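Trainee: Contents of structure-v3.pdb (PDB, C-alpha atoms and all ligand atoms) are below:
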ATOM      1  CA  MET A 267      36.038 127.389  -4.539
ATOM      2  CA  LYS A 268      36.840 129.954  -1.884
ATOM      3  CA  LEU A 269      39.744 128.366  -0.125
ATOM      4  CA  PRO A 270      42.611 129.685   1.931
ATOM      5  CA  PHE A 271      45.771 130.083  -0.033
ATOM      6  CA  PHE A 272      48.579 127.871   1.026
ATOM      7  CA  HIS A 273      51.984 129.139   1.674
ATOM      8  CA  LYS A 274      54.943 128.498   3.903
ATOM      9  CA  LYS A 275      54.531 129.650   7.479
ATOM     10  CA  GLU A 276      57.604 128.385   9.273
ATOM     11  CA  GLU A 277      56.487 129.737  12.663
ATOM     12  CA  GLU A 278      53.453 127.394  12.712
ATOM     13  CA  SER A 279      55.627 124.332  13.067
ATOM     14  CA  VAL A 280      55.997 125.179  16.793
ATOM     15  CA  LEU A 281      52.345 124.175  17.197
ATOM     16  CA  TYR A 282      53.427 120.612  16.905
ATOM     17  CA  PRO A 283      54.643 118.686  19.953
ATOM     18  CA  ASN A 284      58.312 117.829  19.842
ATOM     19  CA  GLU A 285      58.105 114.327  21.221
ATOM     20  CA  ASN A 286      56.404 111.244  19.841
ATOM     21  CA  ILE A 287      55.754 112.727  16.471
ATOM     22  CA  ALA A 288      53.390 110.841  14.181
ATOM     23  CA  GLU A 289      55.384 110.590  10.982
ATOM     24  CA  HIS A 290      52.673 108.877   8.961
ATOM     25  CA  ILE A 291      49.070 109.936   9.505
ATOM     26  CA  ALA A 292      46.205 108.192   7.731
ATOM     27  CA  ILE A 293      42.735 109.757   7.661
ATOM     28  CA  ILE A 294      39.316 108.303   6.883
ATOM     29  CA  MET A 295      37.600 111.500   5.775
ATOM     30  CA  ASP A 296      33.987 110.660   6.607
ATOM     31  CA  GLY A 297      30.792 112.644   7.123
ATOM     32  CA  ASN A 298      30.516 114.794   3.989
ATOM     33  CA  GLY A 299      27.022 113.580   3.119
ATOM     34  CA  ARG A 300      25.683 114.121   6.638
ATOM     35  CA  TRP A 301      27.246 117.590   6.752
ATOM     36  CA  ALA A 302      25.289 118.540   3.638
ATOM     37  CA  LYS A 303      22.069 116.844   4.778
ATOM     38  CA  LYS A 304      22.108 118.818   8.039
ATOM     39  CA  ARG A 305      22.051 121.969   5.930
ATOM     40  CA  GLY A 306      19.363 120.761   3.546
ATOM     41  CA  MET A 307      21.927 120.618   0.763
ATOM     42  CA  PRO A 308      22.659 117.767  -1.705
ATOM     43  CA  ARG A 309      25.372 115.279  -0.635
ATOM     44  CA  ILE A 310      27.751 116.578  -3.285
ATOM     45  CA  ALA A 311      27.854 119.958  -1.507
ATOM     46  CA  GLY A 312      29.433 118.110   1.408
ATOM     47  CA  HIS A 313      32.089 116.570  -0.850
ATOM     48  CA  LYS A 314      32.897 119.994  -2.267
ATOM     49  CA  GLU A 315      33.212 121.483   1.211
ATOM     50  CA  GLY A 316      35.357 118.504   2.173
ATOM     51  CA  VAL A 317      37.968 119.646  -0.329
ATOM     52  CA  SER A 318      38.469 122.850   1.712
ATOM     53  CA  THR A 319      39.240 120.674   4.720
ATOM     54  CA  VAL A 320      41.741 118.697   2.640
ATOM     55  CA  VAL A 321      43.509 121.959   1.749
ATOM     56  CA  ASN A 322      43.607 123.048   5.409
ATOM     57  CA  ILE A 323      44.844 119.733   6.712
ATOM     58  CA  VAL A 324      47.497 119.346   4.002
ATOM     59  CA  LYS A 325      48.691 122.848   4.823
ATOM     60  CA  THR A 326      48.852 122.029   8.526
ATOM     61  CA  ALA A 327      50.640 118.748   7.813
ATOM     62  CA  VAL A 328      53.243 120.625   5.749
ATOM     63  CA  ASN A 329      53.702 123.169   8.535
ATOM     64  CA  CYS A 330      54.009 120.437  11.144
ATOM     65  CA  LYS A 331      56.550 118.588   9.017
ATOM     66  CA  VAL A 332      54.486 115.398   8.895
ATOM     67  CA  LYS A 333      56.267 112.932   6.606
ATOM     68  CA  ILE A 334      53.323 111.019   5.119
ATOM     69  CA  LEU A 335      49.632 111.879   4.960
ATOM     70  CA  THR A 336      47.340 109.204   3.508
ATOM     71  CA  LEU A 337      43.787 110.345   2.751
ATOM     72  CA  TYR A 338      40.991 107.829   2.138
ATOM     73  CA  THR A 339      39.271 109.529  -0.760
ATOM     74  CA  PHE A 340      37.289 106.815  -2.558
ATOM     75  CA  SER A 341      36.946 103.178  -1.591
ATOM     76  CA  THR A 342      36.418 100.094  -3.735
ATOM     77  CA  GLU A 343      32.992  99.878  -2.044
ATOM     78  CA  ASN A 344      32.044 103.474  -2.907
ATOM     79  CA  TRP A 345      31.157 102.298  -6.464
ATOM     80  CA  LYS A 346      27.855 101.197  -4.879
ATOM     81  CA  ARG A 347      26.763 104.852  -4.658
ATOM     82  CA  PRO A 348      24.605 106.668  -7.221
ATOM     83  CA  LYS A 349      26.443 107.355 -10.466
ATOM     84  CA  THR A 350      26.063 111.142 -10.181
ATOM     85  CA  GLU A 351      27.694 111.168  -6.742
ATOM     86  CA  ILE A 352      30.550 108.936  -7.919
ATOM     87  CA  GLU A 353      31.179 111.158 -10.921
ATOM     88  CA  PHE A 354      31.190 114.246  -8.741
ATOM     89  CA  ILE A 355      33.669 112.763  -6.248
ATOM     90  CA  LEU A 356      35.989 111.541  -8.992
ATOM     91  CA  ARG A 357      36.123 114.997 -10.573
ATOM     92  CA  LEU A 358      37.383 116.558  -7.335
ATOM     93  CA  PRO A 359      41.024 115.409  -7.568
ATOM     94  CA  LYS A 360      41.399 117.188 -10.916
ATOM     95  CA  GLU A 361      39.696 120.316  -9.580
ATOM     96  CA  PHE A 362      41.845 120.305  -6.450
ATOM     97  CA  LEU A 363      45.066 119.783  -8.390
ATOM     98  CA  SER A 364      44.255 122.386 -11.036
ATOM     99  CA  ILE A 365      44.147 124.979  -8.248
ATOM    100  CA  TYR A 366      46.709 123.715  -5.756
ATOM    101  CA  LEU A 367      49.386 121.823  -7.672
ATOM    102  CA  PRO A 368      51.647 124.922  -7.950
ATOM    103  CA  ASP A 369      51.357 125.468  -4.186
ATOM    104  CA  LEU A 370      52.015 121.816  -3.482
ATOM    105  CA  ILE A 371      55.116 121.925  -5.680
ATOM    106  CA  ALA A 372      56.275 125.160  -4.000
ATOM    107  CA  ASN A 373      55.916 123.418  -0.639
ATOM    108  CA  ASN A 374      57.970 120.398  -1.744
ATOM    109  CA  VAL A 375      54.987 118.000  -1.490
ATOM    110  CA  ARG A 376      55.121 114.691  -3.358
ATOM    111  CA  ILE A 377      51.839 113.230  -4.587
ATOM    112  CA  GLU A 378      51.201 109.514  -4.781
ATOM    113  CA  ILE A 379      48.200 107.277  -5.158
ATOM    114  CA  VAL A 380      47.363 104.084  -3.327
ATOM    115  CA  GLY A 381      44.633 102.049  -4.961
ATOM    116  CA  ASP A 382      43.681 100.555  -8.298
ATOM    117  CA  ILE A 383      44.233 103.492 -10.626
ATOM    118  CA  GLU A 384      43.290 101.471 -13.750
ATOM    119  CA  LYS A 385      39.578 101.502 -12.989
ATOM    120  CA  LEU A 386      39.338 105.264 -12.442
ATOM    121  CA  PRO A 387      37.933 107.594 -15.111
ATOM    122  CA  VAL A 388      40.618 108.806 -17.515
ATOM    123  CA  HIS A 389      40.363 112.448 -16.379
ATOM    124  CA  THR A 390      40.930 111.495 -12.722
ATOM    125  CA  ARG A 391      43.852 109.258 -13.636
ATOM    126  CA  GLU A 392      45.494 111.785 -15.892
ATOM    127  CA  ALA A 393      45.269 114.579 -13.330
ATOM    128  CA  ILE A 394      46.819 112.402 -10.630
ATOM    129  CA  GLU A 395      49.475 110.921 -12.905
ATOM    130  CA  TYR A 396      50.469 114.409 -14.039
ATOM    131  CA  ALA A 397      50.739 115.567 -10.407
ATOM    132  CA  MET A 398      52.750 112.455  -9.506
ATOM    133  CA  GLU A 399      55.137 113.120 -12.358
ATOM    134  CA  ARG A 400      55.533 116.816 -11.512
ATOM    135  CA  THR A 401      56.209 116.126  -7.820
ATOM    136  CA  ARG A 402      58.269 112.956  -8.246
ATOM    137  CA  ASN A 403      61.508 114.479  -6.968
ATOM    138  CA  ASN A 404      60.035 116.370  -4.015
ATOM    139  CA  ASP A 405      61.117 115.139  -0.619
ATOM    140  CA  GLY A 406      58.794 117.042   1.722
ATOM    141  CA  LEU A 407      55.372 115.744   2.736
ATOM    142  CA  LEU A 408      54.319 112.587   0.883
ATOM    143  CA  LEU A 409      50.621 113.103   0.153
ATOM    144  CA  ASN A 410      48.936 109.797  -0.656
ATOM    145  CA  PHE A 411      45.466 109.742  -2.091
ATOM    146  CA  ALA A 412      43.731 106.425  -1.471
ATOM    147  CA  LEU A 413      41.558 106.296  -4.577
ATOM    148  CA  ASN A 414      39.633 103.214  -5.590
ATOM    149  CA  TYR A 415      41.369 101.725  -2.581
ATOM    150  CA  GLY A 416      40.233  98.612  -0.750
ATOM    151  CA  SER A 417      42.455  96.731   1.616
ATOM    152  CA  ARG A 418      41.224  93.246   0.715
ATOM    153  CA  ASP A 419      41.626  94.047  -2.965
ATOM    154  CA  GLU A 420      45.147  95.287  -2.239
ATOM    155  CA  ILE A 421      46.063  92.157  -0.268
ATOM    156  CA  LEU A 422      44.635  89.810  -2.918
ATOM    157  CA  ASN A 423      46.495  91.624  -5.714
ATOM    158  CA  ALA A 424      49.669  91.503  -3.666
ATOM    159  CA  MET A 425      49.249  87.752  -3.181
ATOM    160  CA  LYS A 426      48.686  87.165  -6.890
ATOM    161  CA  GLU A 427      51.795  89.122  -7.858
ATOM    162  CA  MET A 428      53.821  87.448  -5.171
ATOM    163  CA  PHE A 429      52.797  83.958  -6.246
ATOM    164  CA  LEU A 430      53.749  84.828  -9.807
ATOM    165  CA  ASP A 431      57.211  85.867  -8.640
ATOM    166  CA  ILE A 432      57.556  82.719  -6.563
ATOM    167  CA  THR A 433      56.494  80.611  -9.562
ATOM    168  CA  LYS A 434      59.103  82.395 -11.660
ATOM    169  CA  GLY A 435      61.651  81.374  -9.050
ATOM    170  CA  GLU A 436      62.507  84.895  -7.916
ATOM    171  CA  PHE A 437      62.414  83.696  -4.318
ATOM    172  CA  SER A 438      61.175  80.697  -2.398
ATOM    173  CA  LEU A 439      58.269  80.363   0.005
ATOM    174  CA  ASP A 440      60.753  79.890   2.854
ATOM    175  CA  GLU A 441      62.168  83.331   2.198
ATOM    176  CA  LEU A 442      58.764  85.005   2.473
ATOM    177  CA  ASP A 443      58.451  87.264   5.490
ATOM    178  CA  GLU A 444      56.341  90.284   6.501
ATOM    179  CA  GLN A 445      58.798  92.737   4.992
ATOM    180  CA  LYS A 446      58.817  90.945   1.641
ATOM    181  CA  PHE A 447      55.049  90.715   1.574
ATOM    182  CA  SER A 448      54.597  94.448   2.363
ATOM    183  CA  ASN A 449      56.637  95.266  -0.713
ATOM    184  CA  TYR A 450      53.762  93.985  -2.845
ATOM    185  CA  LEU A 451      51.246  96.375  -1.276
ATOM    186  CA  TYR A 452      50.427  99.830  -2.677
ATOM    187  CA  THR A 453      52.255 101.274   0.323
ATOM    188  CA  ALA A 454      55.518  99.480  -0.533
ATOM    189  CA  GLY A 455      58.489 101.240   1.000
ATOM    190  CA  MET A 456      56.367 103.529   3.197
ATOM    191  CA  LYS A 457      56.501 103.535   6.963
ATOM    192  CA  GLU A 458      53.255 102.146   8.409
ATOM    193  CA  PRO A 459      50.806 104.745   9.771
ATOM    194  CA  ASP A 460      51.525 105.891  13.320
ATOM    195  CA  LEU A 461      48.119 107.480  13.709
ATOM    196  CA  LEU A 462      44.745 106.778  12.113
ATOM    197  CA  ILE A 463      42.092 109.487  12.322
ATOM    198  CA  ARG A 464      38.462 108.853  11.395
ATOM    199  CA  THR A 465      36.004 111.733  11.333
ATOM    200  CA  GLY A 466      32.217 111.458  11.094
ATOM    201  CA  GLY A 467      31.480 109.350  14.180
ATOM    202  CA  GLU A 468      31.725 105.792  12.809
ATOM    203  CA  ILE A 469      34.010 103.453  14.720
ATOM    204  CA  ARG A 470      35.181 101.152  11.950
ATOM    205  CA  LEU A 471      37.906 100.777   9.347
ATOM    206  CA  SER A 472      35.751 100.318   6.226
ATOM    207  CA  ASN A 473      38.385  98.200   4.464
ATOM    208  CA  PHE A 474      41.211 100.724   4.961
ATOM    209  CA  LEU A 475      44.846  99.623   5.365
ATOM    210  CA  LEU A 476      44.039  96.398   7.241
ATOM    211  CA  TRP A 477      47.599  95.084   7.053
ATOM    212  CA  GLN A 478      49.322  98.426   7.623
ATOM    213  CA  LEU A 479      47.272  99.441  10.696
ATOM    214  CA  ALA A 480      48.301  96.407  12.787
ATOM    215  CA  TYR A 481      49.999  98.570  15.454
ATOM    216  CA  THR A 482      48.669 102.021  14.573
ATOM    217  CA  GLU A 483      47.128 104.316  17.200
ATOM    218  CA  PHE A 484      43.452 105.120  16.465
ATOM    219  CA  TRP A 485      41.713 108.444  17.040
ATOM    220  CA  PHE A 486      38.006 108.827  16.306
ATOM    221  CA  THR A 487      35.926 111.991  16.344
ATOM    222  CA  ASP A 488      32.254 112.787  15.765
ATOM    223  CA  VAL A 489      33.249 115.947  13.883
ATOM    224  CA  LEU A 490      32.129 115.664  10.255
ATOM    225  CA  TRP A 491      34.947 115.991   7.718
ATOM    226  CA  PRO A 492      33.889 119.404   6.307
ATOM    227  CA  ASP A 493      33.936 120.775   9.895
ATOM    228  CA  PHE A 494      37.272 119.151  10.809
ATOM    229  CA  SER A 495      39.652 121.989  11.653
ATOM    230  CA  GLU A 496      43.347 122.541  12.150
ATOM    231  CA  LYS A 497      42.565 122.649  15.877
ATOM    232  CA  ASP A 498      40.988 119.170  15.764
ATOM    233  CA  PHE A 499      43.947 117.826  13.802
ATOM    234  CA  LEU A 500      46.438 119.284  16.296
ATOM    235  CA  GLN A 501      44.366 117.804  19.138
ATOM    236  CA  ALA A 502      44.741 114.352  17.566
ATOM    237  CA  LEU A 503      48.505 114.862  17.200
ATOM    238  CA  LYS A 504      48.735 116.002  20.800
ATOM    239  CA  GLU A 505      46.848 112.963  22.079
ATOM    240  CA  TYR A 506      49.021 110.727  19.938
ATOM    241  CA  GLY A 507      52.031 112.316  21.645
ATOM    242  CA  ASN A 508      50.748 111.063  25.008
ATOM    243  CA  ARG A 509      50.128 107.468  23.891
ATOM    244  CA  LYS A 510      52.501 104.736  24.905
ATOM    245  CA  ARG A 511      53.158 102.284  22.097
ATOM    246  CA  ARG A 512      54.331  98.906  23.249
ATOM    247  CA  TYR A 513      54.099  96.642  20.190
ATOM    248  CA  GLY A 514      53.452  93.682  22.443
ATOM    249  CA  GLY A 515      56.485  94.433  24.611
ATOM    250  CA  LEU A 516      56.597  96.123  27.992
TER     251      LEU A 516
HETATM  252  C1  LIG B 601      33.082 110.526   3.014
HETATM  253  O1  LIG B 601      31.846 111.086   3.270
HETATM  254  C2  LIG B 601      33.480 110.679   1.567
HETATM  255  C3  LIG B 601      33.442 109.427   0.802
HETATM  256  C4  LIG B 601      33.148 108.260   1.273
HETATM  257  C5  LIG B 601      33.777 109.523  -0.597
HETATM  258  P1  LIG B 601      30.485 110.291   3.027
HETATM  259  O2  LIG B 601      30.015 110.571   1.648
HETATM  260  O3  LIG B 601      30.636 108.868   3.363
HETATM  261  O4  LIG B 601      29.538 111.026   4.064
HETATM  262  P2  LIG B 601      28.484 110.339   5.034
HETATM  263  O5  LIG B 601      29.211 109.281   5.804
HETATM  264  O6  LIG B 601      27.411 109.783   4.163
HETATM  265  O7  LIG B 601      28.017 111.465   5.892
HETATM  266  C1  LIG B 602      34.951 105.259   4.080
HETATM  267  O1  LIG B 602      33.755 105.929   4.261
HETATM  268  C2  LIG B 602      35.538 105.589   2.722
HETATM  269  C3  LIG B 602      36.061 106.939   2.560
HETATM  270  C4  LIG B 602      36.103 107.864   3.482
HETATM  271  C5  LIG B 602      36.579 107.230   1.241
HETATM  272  P1  LIG B 602      32.335 105.266   3.923
HETATM  273  O2  LIG B 602      31.319 106.286   4.230
HETATM  274  O3  LIG B 602      32.348 104.716   2.553
HETATM  275  O4  LIG B 602      32.300 104.060   4.957
HETATM  276  P2  LIG B 602      31.068 103.220   5.501
HETATM  277  O5  LIG B 602      30.258 102.794   4.316
HETATM  278  O6  LIG B 602      30.273 104.119   6.396
HETATM  279  O7  LIG B 602      31.672 102.091   6.247
HETATM  280 MG    MG B 603      30.414 107.811   5.056
END
As structure tokens - that is how I would like this structure written.
Ligand code: IPE
Ligand code: IPE
Ligand code: MG

Mentor:
Amino acid sequence: MKLPFFHKKEEESVLYPNENIAEHIAIIMDGNGRWAKKRGMPRIAGHKEGVSTVVNIVKTAVNCKVKILTLYTFSTENWKRPKTEIEFILRLPKEFLSIYLPDLIANNVRIEIVGDIEKLPVHTREAIEYAMERTRNNDGLLLNFALNYGSRDEILNAMKEMFLDITKGEFSLDELDEQKFSNYLYTAGMKEPDLLIRTGGEIRLSNFLLWQLAYTEFWFTDVLWPDFSEKDFLQALKEYGNRKRRYGGL
């Protein structure tokens, strides 16, 4: 993989607007297959190229001092795809981490996963778990990979666990509030996304963070994920900076 090397460039942080900073950015990285098709290449070539965009955007997020970046990498519905494509996608986290983990550590990035890790192939799981362990104490960018993630699956699992705790008498139904419920989600303890970006031209959520996106600002672009550049990302941040969030108030 010919990818730009990632290193600290303090001066780049001035690119980022000072006001209304999106602390948590979630991205639906879509359009890899179409990118490849346009070039007469197999879909997997698009996924491979998409990894270069991940590197660029993580680098930019580090430079801009974004607190949390959540990347939709593989959904619970993506198991419907051909086996060869699934296998290819699920090998990418290991490939990415085998090259970039030292850089991520050097840049104080913490890696986490949101999703049902149990059902992933062992090699994917091990690579991610190793990276999580190695970056556990870092307090820079929190880089969340949504892998085998589905929002309905997440909410149902949360409900099951919560009911178990209620049955055990850990708390009563009267004590249940939004805050308590969110602690059962994969994103427990994380600030909800301020900005959701979806590349690839589709205007939908595809089962991503349905609970967490209740008051998030959305930004859609037709740009396909492998073509998504630092400039596009900064454009989204800039537009976010001009939005007025009201949360139902005035
Ligand atoms: C997004 O690109 C990556 C995953 C869903 C894993 P797609 O593979 O969905 O690309 P398109 O939407 O078919 O172009
Ligand atoms: C959403 O993209 C999932 C990821 C980006 C991982 P899809 O390509 O799977 O979404 P749909 O099928 O077009 O809704
Ligand atoms: Mg798609």

Trainee: Counting all atoms listed in the file, name the residues that have an atom within 7 Å of an atom of ligand MG 603 (chain B); the answer should be given as JSON, numbers by chain.

Mentor: {"A": [296, 297, 299]}

Trainee: If you count all atoms listed in the file, which residues end up within 10 Å of ligand LIG 601 (chain B), as a PyMOL selection string?

Mentor: chain A and resi 294-304+309-310+312-313+316+338-341+343-345+347+351-352+354-356+413-414+465-468+472+490-492

Trainee: Name the residues that the PyMOL selection byres (((chain A and resi 328) around 9) and not hetatm) picks from the file above, as a JSON list (two decimals) with C-alpha atoms, keeping the file's coordinate frame, using the file's chain letters and numbers.

Mentor:
[["chain", "number", "residue", "atom", "x", "y", "z"],
["A", 274, "LYS", "CA", 54.94, 128.50, 3.90],
["A", 279, "SER", "CA", 55.63, 124.33, 13.07],
["A", 323, "ILE", "CA", 44.84, 119.73, 6.71],
["A", 324, "VAL", "CA", 47.50, 119.35, 4.00],
["A", 325, "LYS", "CA", 48.69, 122.85, 4.82],
["A", 326, "THR", "CA", 48.85, 122.03, 8.53],
["A", 327, "ALA", "CA", 50.64, 118.75, 7.81],
["A", 329, "ASN", "CA", 53.70, 123.17, 8.54],
["A", 330, "CYS", "CA", 54.01, 120.44, 11.14],
["A", 331, "LYS", "CA", 56.55, 118.59, 9.02],
["A", 332, "VAL", "CA", 54.49, 115.40, 8.90],
["A", 333, "LYS", "CA", 56.27, 112.93, 6.61],
["A", 373, "ASN", "CA", 55.92, 123.42, -0.64],
["A", 374, "ASN", "CA", 57.97, 120.40, -1.74],
["A", 375, "VAL", "CA", 54.99, 118.00, -1.49],
["A", 406, "GLY", "CA", 58.79, 117.04, 1.72],
["A", 407, "LEU", "CA", 55.37, 115.74, 2.74]]

Trainee: From (40.5, 116.3, -9.1), in the file's coordinates, out to 12 Å: which residues are reached, counting only C-alpha atoms? Answer as an MDAnalysis selection string.

Mentor: chainID A and resid 313:314 317 339:340 353:367 386:397 411 413

Trainee: To one decimal place, how far is atom CA of A:Phe486 from atom CA of A:Arg464 in Å?

Mentor: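 Calculated distance between atom CA of A:Phe486 and atom CA of A:Arg464 is 4.9 Å.
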
Trainee: Might I get the box with edges along x, y and z of the file that holds all atoms of ligand LIG 602 (chain B) listed there, padded by 3 Å on every side, given as centre and edge lengths in Å to one decimal, as JSON?

Mentor:
{"center_x": 33.4, "center_y": 105.0, "center_z": 3.8, "size_x": 12.3, "size_y": 11.8, "size_z": 11.2}

Trainee: Name the residues in contact with A:Gly507 at a cut-off of 7 Å, using all atoms listed in the file, excluding same-chain residues fewer than 2 positions from it; report them as a PyMOL selection string.

Mentor: chain A and resi 285-287+503-505+509

Trainee: Could I get the residues of stretch 427-499 of chain A with an atom no further than 10 Å from an atom of stretch 415-422 of chain A, each paired with its nearest atom pair and that distance in Å to one decimal, using only C-alpha atoms, sorted by chain and residue number, as a Markdown table?

Mentor:
| residue | atom | partner | partner_atom | distance |
| --- | --- | --- | --- | --- |
| A:Glu427 | CA | A:Leu422 | CA | 8.7 |
| A:Met428 | CA | A:Leu422 | CA | 9.7 |
| A:Phe447 | CA | A:Ile421 | CA | 9.3 |
| A:Ser448 | CA | A:Ile421 | CA | 9.2 |
| A:Tyr450 | CA | A:Ile421 | CA | 8.3 |
| A:Leu451 | CA | A:Glu420 | CA | 6.3 |
| A:Tyr452 | CA | A:Glu420 | CA | 7.0 |
| A:Thr453 | CA | A:Glu420 | CA | 9.6 |
| A:Leu471 | CA | A:Ser417 | CA | 9.8 |
| A:Ser472 | CA | A:Gly416 | CA | 8.5 |
| A:Asn473 | CA | A:Ser417 | CA | 5.2 |
| A:Phe474 | CA | A:Ser417 | CA | 5.4 |
| A:Leu475 | CA | A:Ser417 | CA | 5.3 |
| A:Leu476 | CA | A:Ser417 | CA | 5.9 |
| A:Trp477 | CA | A:Ser417 | CA | 7.7 |
| A:Gln478 | CA | A:Ser417 | CA | 9.3 |

Trainee: Can you translate the PyMOL selection byres (((chain A and resi 409) around 7) and not hetatm) into the concrete residues it hits in this file, as a VMD selection string?

Mentor: chain A and resid 334 to 336 375 to 378 407 to 408 410 to 411

Trainee: Would you export the selected residues with C-alpha atoms as a PDB file, keeping the file's coordinate frame, please?

Mentor:
ATOM      1  CA  ILE A 334      53.323 111.019   5.119  1.00  0.00           C
ATOM      2  CA  LEU A 335      49.632 111.879   4.960  1.00  0.00           C
ATOM      3  CA  THR A 336      47.340 109.204   3.508  1.00  0.00           C
ATOM      4  CA  VAL A 375      54.987 118.000  -1.490  1.00  0.00           C
ATOM      5  CA  ARG A 376      55.121 114.691  -3.358  1.00  0.00           C
ATOM      6  CA  ILE A 377      51.839 113.230  -4.587  1.00  0.00           C
ATOM      7  CA  GLU A 378      51.201 109.514  -4.781  1.00  0.00           C
ATOM      8  CA  LEU A 407      55.372 115.744   2.736  1.00  0.00           C
ATOM      9  CA  LEU A 408      54.319 112.587   0.883  1.00  0.00           C
ATOM     10  CA  ASN A 410      48.936 109.797  -0.656  1.00  0.00           C
ATOM     11  CA  PHE A 411      45.466 109.742  -2.091  1.00  0.00           C
TER      12      PHE A 411
END

Trainee: Measure the distance from atom C3 of ligand LIG 602 (chain B) to atom CA of A:Leu370 in Å and round it to one decimal.

Mentor: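 Computed distance, atom C3 of ligand LIG 602 (chain B) to atom CA of A:Leu370, equals 22.6 Å.
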
Trainee: Can you measure atom CA of A:Gln501 to atom CA of A:Phe484 for me? One decimal in Å is fine.

Mentor: 13.0 Å

Trainee: With distances taken over only C-alpha atoms and all ligand atoms, which residue among A:Glu384, A:Ala292, A:Ala311, A:Ser318 lies nearest ligand LIG 602 (chain B)?

Mentor: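 Nearest candidate to ligand LIG 602 (chain B) out of A:Glu384, A:Ala292, A:Ala311, A:Ser318: A:Ala292.
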
Trainee: Between A:Met307, A:Ile293, A:Leu479, A:Ile379, which residue has the minimum interatomic distance to ligand LIG 602 (chain B), considering only C-alpha atoms and all ligand atoms?

Mentor: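 Of A:Met307, A:Ile293, A:Leu479, A:Ile379, the one nearest ligand LIG 602 (chain B) is A:Ile293, counting only C-alpha atoms and all ligand atoms.
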
Trainee: Which of these, A:Arg470, A:Lys457, A:Lys434, A:Lys446, has the shortest distance to ligand LIG 602 (chain B) once you count only C-alpha atoms and all ligand atoms?

Mentor: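 Smallest distance to ligand LIG 602 (chain B) is found for A:Arg470.
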
Trainee: Compare A:Ala412, A:His290, A:Asp431, A:Gly381 by their minimum atom-to-atom distance to ligand LIG 602 (chain B), counting all atoms listed in the file, and give me the closest one.

Mentor: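 Counting all atoms listed in the file, the residue closest to ligand LIG 602 (chain B) is A:Ala412.
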